[in-house]
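Novice: Handing over work20.txt, compact mmCIF, N, CA and C atoms.
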```
# COMPACT_ATOMS: atom_id res chain seq x y z
N MET X 1 15.06 10.11 -25.49
CA MET X 1 13.99 9.91 -24.54
C MET X 1 14.08 8.49 -23.98
N GLU X 2 13.79 8.38 -22.71
CA GLU X 2 13.89 7.11 -22.01
C GLU X 2 12.61 6.29 -22.18
N ASP X 3 12.78 4.99 -22.36
CA ASP X 3 11.63 4.08 -22.48
C ASP X 3 11.22 3.65 -21.08
N ILE X 4 10.01 4.01 -20.67
CA ILE X 4 9.52 3.67 -19.34
C ILE X 4 8.33 2.73 -19.48
N ARG X 5 8.39 1.61 -18.79
CA ARG X 5 7.31 0.64 -18.83
C ARG X 5 6.64 0.59 -17.46
N VAL X 6 5.32 0.57 -17.47
CA VAL X 6 4.54 0.55 -16.24
C VAL X 6 3.69 -0.71 -16.24
N SER X 7 3.69 -1.42 -15.12
CA SER X 7 2.94 -2.68 -15.06
C SER X 7 1.44 -2.40 -15.06
N GLN X 8 0.70 -3.41 -15.45
CA GLN X 8 -0.76 -3.33 -15.46
C GLN X 8 -1.28 -3.04 -14.06
N GLU X 9 -0.66 -3.64 -13.04
CA GLU X 9 -1.08 -3.44 -11.66
C GLU X 9 -0.96 -1.97 -11.24
N VAL X 10 0.13 -1.33 -11.64
CA VAL X 10 0.33 0.08 -11.32
C VAL X 10 -0.71 0.93 -12.03
N LEU X 11 -0.94 0.66 -13.30
CA LEU X 11 -1.93 1.43 -14.05
C LEU X 11 -3.32 1.29 -13.47
N GLU X 12 -3.70 0.09 -13.06
CA GLU X 12 -5.02 -0.12 -12.46
C GLU X 12 -5.14 0.63 -11.14
N TYR X 13 -4.09 0.61 -10.34
CA TYR X 13 -4.10 1.31 -9.05
C TYR X 13 -4.25 2.81 -9.28
N LEU X 14 -3.45 3.36 -10.19
CA LEU X 14 -3.52 4.80 -10.46
C LEU X 14 -4.87 5.20 -11.04
N THR X 15 -5.43 4.35 -11.89
CA THR X 15 -6.75 4.63 -12.46
C THR X 15 -7.81 4.71 -11.35
N ARG X 16 -7.77 3.75 -10.42
CA ARG X 16 -8.73 3.77 -9.29
C ARG X 16 -8.56 5.04 -8.46
N CYS X 17 -7.30 5.41 -8.19
CA CYS X 17 -7.05 6.62 -7.40
C CYS X 17 -7.59 7.86 -8.10
N MET X 18 -7.34 7.96 -9.40
CA MET X 18 -7.80 9.13 -10.15
C MET X 18 -9.32 9.17 -10.25
N ARG X 19 -9.96 8.02 -10.45
CA ARG X 19 -11.43 7.98 -10.49
C ARG X 19 -12.01 8.41 -9.15
N HIS X 20 -11.41 7.93 -8.07
CA HIS X 20 -11.88 8.29 -6.73
C HIS X 20 -11.74 9.80 -6.51
N ALA X 21 -10.61 10.35 -6.91
CA ALA X 21 -10.39 11.78 -6.75
C ALA X 21 -11.42 12.59 -7.52
N VAL X 22 -11.65 12.22 -8.77
CA VAL X 22 -12.61 12.95 -9.60
C VAL X 22 -14.02 12.84 -9.02
N SER X 23 -14.39 11.65 -8.56
CA SER X 23 -15.74 11.48 -8.01
C SER X 23 -15.92 12.28 -6.72
N ASN X 24 -14.81 12.63 -6.07
CA ASN X 24 -14.87 13.47 -4.86
C ASN X 24 -14.63 14.94 -5.16
N GLY X 25 -14.66 15.31 -6.43
CA GLY X 25 -14.56 16.70 -6.82
C GLY X 25 -13.16 17.28 -6.83
N GLN X 26 -12.14 16.43 -6.78
CA GLN X 26 -10.77 16.92 -6.81
C GLN X 26 -10.31 17.12 -8.26
N TYR X 27 -9.46 18.11 -8.44
CA TYR X 27 -8.83 18.29 -9.74
C TYR X 27 -7.66 17.32 -9.86
N LEU X 28 -7.44 16.82 -11.05
CA LEU X 28 -6.29 15.96 -11.29
C LEU X 28 -5.07 16.85 -11.50
N THR X 29 -4.10 16.68 -10.65
CA THR X 29 -2.89 17.49 -10.70
C THR X 29 -1.67 16.57 -10.69
N PRO X 30 -0.53 17.08 -11.12
CA PRO X 30 0.70 16.28 -11.02
C PRO X 30 0.97 15.86 -9.57
N GLN X 31 0.69 16.73 -8.62
CA GLN X 31 0.91 16.40 -7.22
C GLN X 31 0.03 15.23 -6.78
N LEU X 32 -1.22 15.22 -7.19
CA LEU X 32 -2.13 14.13 -6.84
C LEU X 32 -1.63 12.81 -7.44
N LEU X 33 -1.15 12.85 -8.66
CA LEU X 33 -0.60 11.66 -9.30
C LEU X 33 0.67 11.19 -8.60
N GLU X 34 1.54 12.12 -8.23
CA GLU X 34 2.74 11.75 -7.50
C GLU X 34 2.40 11.09 -6.17
N GLU X 35 1.40 11.62 -5.47
CA GLU X 35 0.99 11.04 -4.19
C GLU X 35 0.47 9.62 -4.39
N ALA X 36 -0.29 9.40 -5.45
CA ALA X 36 -0.81 8.06 -5.73
C ALA X 36 0.33 7.09 -6.03
N ILE X 37 1.33 7.54 -6.78
CA ILE X 37 2.48 6.69 -7.08
C ILE X 37 3.25 6.37 -5.80
N GLU X 38 3.44 7.37 -4.95
CA GLU X 38 4.14 7.14 -3.68
C GLU X 38 3.36 6.16 -2.80
N ASP X 39 2.03 6.29 -2.77
CA ASP X 39 1.19 5.36 -2.00
C ASP X 39 1.33 3.94 -2.52
N PHE X 40 1.32 3.79 -3.84
CA PHE X 40 1.48 2.46 -4.43
C PHE X 40 2.83 1.88 -4.06
N ALA X 41 3.88 2.68 -4.18
CA ALA X 41 5.23 2.21 -3.86
C ALA X 41 5.33 1.78 -2.40
N ALA X 42 4.67 2.51 -1.50
CA ALA X 42 4.70 2.15 -0.09
C ALA X 42 3.94 0.85 0.18
N GLU X 43 2.84 0.63 -0.54
CA GLU X 43 2.03 -0.57 -0.36
C GLU X 43 2.63 -1.79 -1.07
N HIS X 44 3.47 -1.57 -2.06
CA HIS X 44 4.05 -2.66 -2.85
C HIS X 44 5.57 -2.48 -2.95
N PRO X 45 6.28 -2.65 -1.82
CA PRO X 45 7.73 -2.40 -1.84
C PRO X 45 8.51 -3.36 -2.75
N GLN X 46 7.92 -4.49 -3.10
CA GLN X 46 8.61 -5.46 -3.96
C GLN X 46 8.67 -4.99 -5.42
N GLN X 47 7.84 -4.01 -5.78
CA GLN X 47 7.85 -3.49 -7.15
C GLN X 47 8.74 -2.26 -7.21
N ASN X 48 9.44 -2.11 -8.29
CA ASN X 48 10.34 -0.98 -8.48
C ASN X 48 9.57 0.16 -9.15
N VAL X 49 9.00 1.04 -8.34
CA VAL X 49 8.23 2.17 -8.85
C VAL X 49 8.84 3.44 -8.26
N ALA X 50 9.18 4.37 -9.12
CA ALA X 50 9.77 5.62 -8.65
C ALA X 50 9.38 6.76 -9.59
N ILE X 51 9.40 7.96 -9.04
CA ILE X 51 9.12 9.16 -9.82
C ILE X 51 10.46 9.76 -10.24
N LEU X 52 10.62 9.96 -11.52
CA LEU X 52 11.86 10.56 -12.04
C LEU X 52 11.62 12.04 -12.26
N HIS X 53 12.46 12.84 -11.67
CA HIS X 53 12.33 14.30 -11.84
C HIS X 53 13.45 14.80 -12.72
```
Rewrite the coordinates I just gave you, this time as structure tokens.

Specialist:
Amino acid sequence: MEDIRVSQEVLEYLTRCMRHAVSNGQYLTPQLLEEAIEDFAAEHPQQNVAILH
């Protein structure tokens, strides 16, 4: 298994996105999480964030 480390900034961003989704009645899905990661990566191109499939 691969060791994956996620920065505090990424975790805080994803937490805010997930809280916002839940407060708006959305279900938490892998797709929603992937979209949040993609949004973070687009807003922070200097950070190396990617989804491994």

Novice: What does the distance from atom CA of X:Glu35 to atom CA of X:Ala21 come to in Å, to one decimal?

Specialist: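 So the answer is 11.7 Å.
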
Novice: Please return, as a VMD selection string, all residues of chain X that DSSP assigns to alpha helix (DSSP H) on the basis of the backbone.

Specialist: chain X and resid 8 to 23 30 to 43

Novice: Dump as a PyMOL selection string all residues having an atom at most 8 Å from (9.4, 8.3, -8.8), computed in the file's coordinates with only C-alpha atoms.

Specialist: chain X and resi 34+37-38+49-53

Novice: Would you mind exporting N, CA and C atoms of the selected residues as a CSV table (one decimal), in the coordinates of the input?

Specialist:
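out10.csv was written with the following content:
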```csv
chain,number,residue,atom,x,y,z
X,34,GLU,N,1.5,12.1,-8.2
X,34,GLU,CA,2.7,11.8,-7.5
X,34,GLU,C,2.4,11.1,-6.2
X,37,ILE,N,1.3,7.5,-6.8
X,37,ILE,CA,2.5,6.7,-7.1
X,37,ILE,C,3.2,6.4,-5.8
X,38,GLU,N,3.4,7.4,-5.0
X,38,GLU,CA,4.1,7.1,-3.7
X,38,GLU,C,3.4,6.2,-2.8
X,49,VAL,N,9.0,1.0,-8.3
X,49,VAL,CA,8.2,2.2,-8.8
X,49,VAL,C,8.8,3.4,-8.3
X,50,ALA,N,9.2,4.4,-9.1
X,50,ALA,CA,9.8,5.6,-8.6
X,50,ALA,C,9.4,6.8,-9.6
X,51,ILE,N,9.4,8.0,-9.0
X,51,ILE,CA,9.1,9.2,-9.8
X,51,ILE,C,10.5,9.8,-10.2
X,52,LEU,N,10.6,10.0,-11.5
X,52,LEU,CA,11.9,10.6,-12.0
X,52,LEU,C,11.6,12.0,-12.3
X,53,HIS,N,12.5,12.8,-11.7
X,53,HIS,CA,12.3,14.3,-11.8
X,53,HIS,C,13.4,14.8,-12.7
```

Novice: Could you state the separation of atom CA of X:Asp3 and atom CA of X:Leu32 in Å, given to one decimal place?

Specialist: 23.1 Å

Novice: Please measure the separation of atom CA of X:Asn24 and atom CA of X:His44, giving the value in Å to one decimal.

Specialist: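 So the two atoms, atom CA of X:Asn24 and atom CA of X:His44, lie 24.9 Å apart.
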
Novice: Of the residues X:Val22, X:Thr15, X:Ser7, X:Asn48, which is the one nearest to X:Ala36, using only C-alpha atoms?

Specialist: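 When distances to X:Ala36 are compared using only C-alpha atoms, the smallest one comes from X:Thr15.
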
Novice: As AutoDock Vina command-line options, what would the box around stretch 37-41 of chain X look like: edges along x, y and z, 5 Å added on every side, centre and edge lengths in Å to one decimal?

Specialist:
```
--center_x 3.3 --center_y 4.7 --center_z -4.5 --size_x 14.1 --size_y 15.8 --size_z 15.1
```
